[in-house]
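Novice: Sharing a structure here in structure tokens format.
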Amino acid sequence: MIRSCGASLALVALAAASPCIAAEDLAACARIDDAKARLACYDRLSGRTPLLQTKDVPAPAEQATRAEASASPERTPSLLGRRWLLDRTADEKPVEVLYHNPNYFIGHYSDNVNGKPASPTHEPGESELPDVNPGEAKFQLSFKARLFRPFGTEDRFALWAAYTQQSHWQVGNATFSRPFRETDYQPELILAYRVDQKVAGWDWRLVNVGLVHQSNGRENPLSRSWNRVYAQFGFERGDFALLLRPWYRLRESYESDDNPDIHSYFGSGDVVLVYKTDKQALTLTARGNPATGRGAAQLEWSTPLFDSPFRLYIQAFTGYGESLIDYNWRQNSIGVGVSLNDVL
């Protein structure tokens, strides 16, 4: 008992005699996980020389900084890194489900609605909706799941499955029971490769090789479908990202092809330029066929909406192919609503 009291008095005396020992220094020592390093930190504060010390022990603040750094991700998350899990973290799960293309719901207006869809192999028939309203609701659902990462590849490869569904809903057309004018279905299989190289001042982060099917699931004469393989190259630089995607259409016989001339309107690829900060996101998508002078451009803007998970979202489109049934129909449209995510 006398020894215990004596030890306590000695500690009090030490603290009183050493006002330079701050509470934050003791707290910094307490945060060090390694037992030997933690003991060395306390010895350093008390002025005691350890019996076994092979190297200088960093100051408590430096020790704490090192401990925090060891638990941090391998790199700061980036635009492409967040969307494709390129920036690995310690708590990353083996299978992930993420957003793919933008998920949104908007009120949509077109200056030139397509009342009688047609294609070279499908003559214009009686439309299921003879009176099409220029105003409708448009929404898109899109997500992807990482199926697996092959072992022994340093986490550079990953296989993904993705699905996107876009619908045009004549919600204000009460005369015809508010039907869905068009719904396009797009499943994909994607092999992603993490590059991490510098190219002309940009970070080349990603190469995707994909197989994609798109169709509207309807019967003739309104059936539309096509299949493509593509390679997508992803670059980023600060708040900007650039996606370049050439594709090749898998051919069908002319007789069985619902839209044999779709290449004339969609071309052989698309380009996506993204500018994104904490407050807003601006995305420009362009595609076309220089030989025919046909194509399309879409501009999207979004910003956080109060404290909700939604974002205020505006979409403007001009050109051919806003939906698959309109692949050869030119129009200009504008839409305003909410979204859950941007393309990145």
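Residue numbers start at 1 in each chain; chains themselves are named A, B, ... in the order of the structure tokens; ligands are numbered from 1 in the order shown.
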Identify, on the basis of only C-alpha atoms, every residue whose closest approach to Gly267 of chain A does not exceed 9 Å; exclude the query and any residue fewer than 6 positions from it along the same chain; express the result as a PyMOL selection string.

Specialist: chain A and resi 247+287-292+294-295

Novice: Pick from A:Val199, A:Val271, A:Val336, A:Leu211: nearest to Glu236 of chain A, with only C-alpha atoms counted?

Specialist: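 Among the listed residues, A:Val199 lies closest to Glu236 of chain A.
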
Novice: Which one of A:Ile334, A:Ala281, A:Leu244, A:Leu250 sits closest to Gln298 of chain A if you count only C-alpha atoms?

Specialist: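 Closest to Gln298 of chain A, using only C-alpha atoms: A:Ile334.
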
Novice: Could you tell me how far atom CA of Lys144 of chain A lies from atom CA of Tyr320 of chain A, in Å and to one decimal?

Specialist: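 Between atom CA of Lys144 of chain A and atom CA of Tyr320 of chain A the gap works out to 26.6 Å.
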
Novice: Quote the spacing between atom CA of Thr318 of chain A and atom CA of Thr183 of chain A in Å to one decimal place.

Specialist: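 Between these atoms lies a distance of 19.3 Å.
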
Novice: Could you give me, as a PyMOL selection string, the residues within 10 Å of segment 301-305 of chain A, counting only C-alpha atoms and dropping anything in the same chain fewer than 3 positions from it?

Specialist: chain A and resi 274-284+308-316+336-342

Novice: Residues of segment 99-339 of chain A in helix (DSSP H, G or I) according to DSSP, as JSON, numbers by chain?

Specialist: {"A": [174, 175, 176, 262, 263, 264, 265, 266, 324, 325, 326]}

Novice: Let me see the file: selected residues, C-alpha atoms, as a compact mmCIF listing (two decimals), in the first residue's frame.

Specialist:
```txt
# COMPACT_ATOMS: atom_id res chain seq x y z
CA ALA A 174 -55.64 9.69 -70.96
CA THR A 175 -57.42 9.05 -74.27
CA PHE A 176 -55.25 5.94 -74.84
CA ILE A 262 -28.93 1.88 -87.97
CA HIS A 263 -25.20 2.40 -88.55
CA SER A 264 -26.05 5.37 -90.79
CA TYR A 265 -27.63 7.14 -87.82
CA PHE A 266 -25.68 5.88 -84.81
CA LEU A 324 -34.56 2.70 -80.40
CA ILE A 325 -37.95 3.10 -82.14
CA ASP A 326 -36.75 6.60 -83.17
```

Novice: Looking at A:Tyr193, A:Tyr42, A:Phe235, A:Tyr248, which one is nearest to Ala158 of chain A, with distances taken over only C-alpha atoms?

Specialist: A:Tyr193
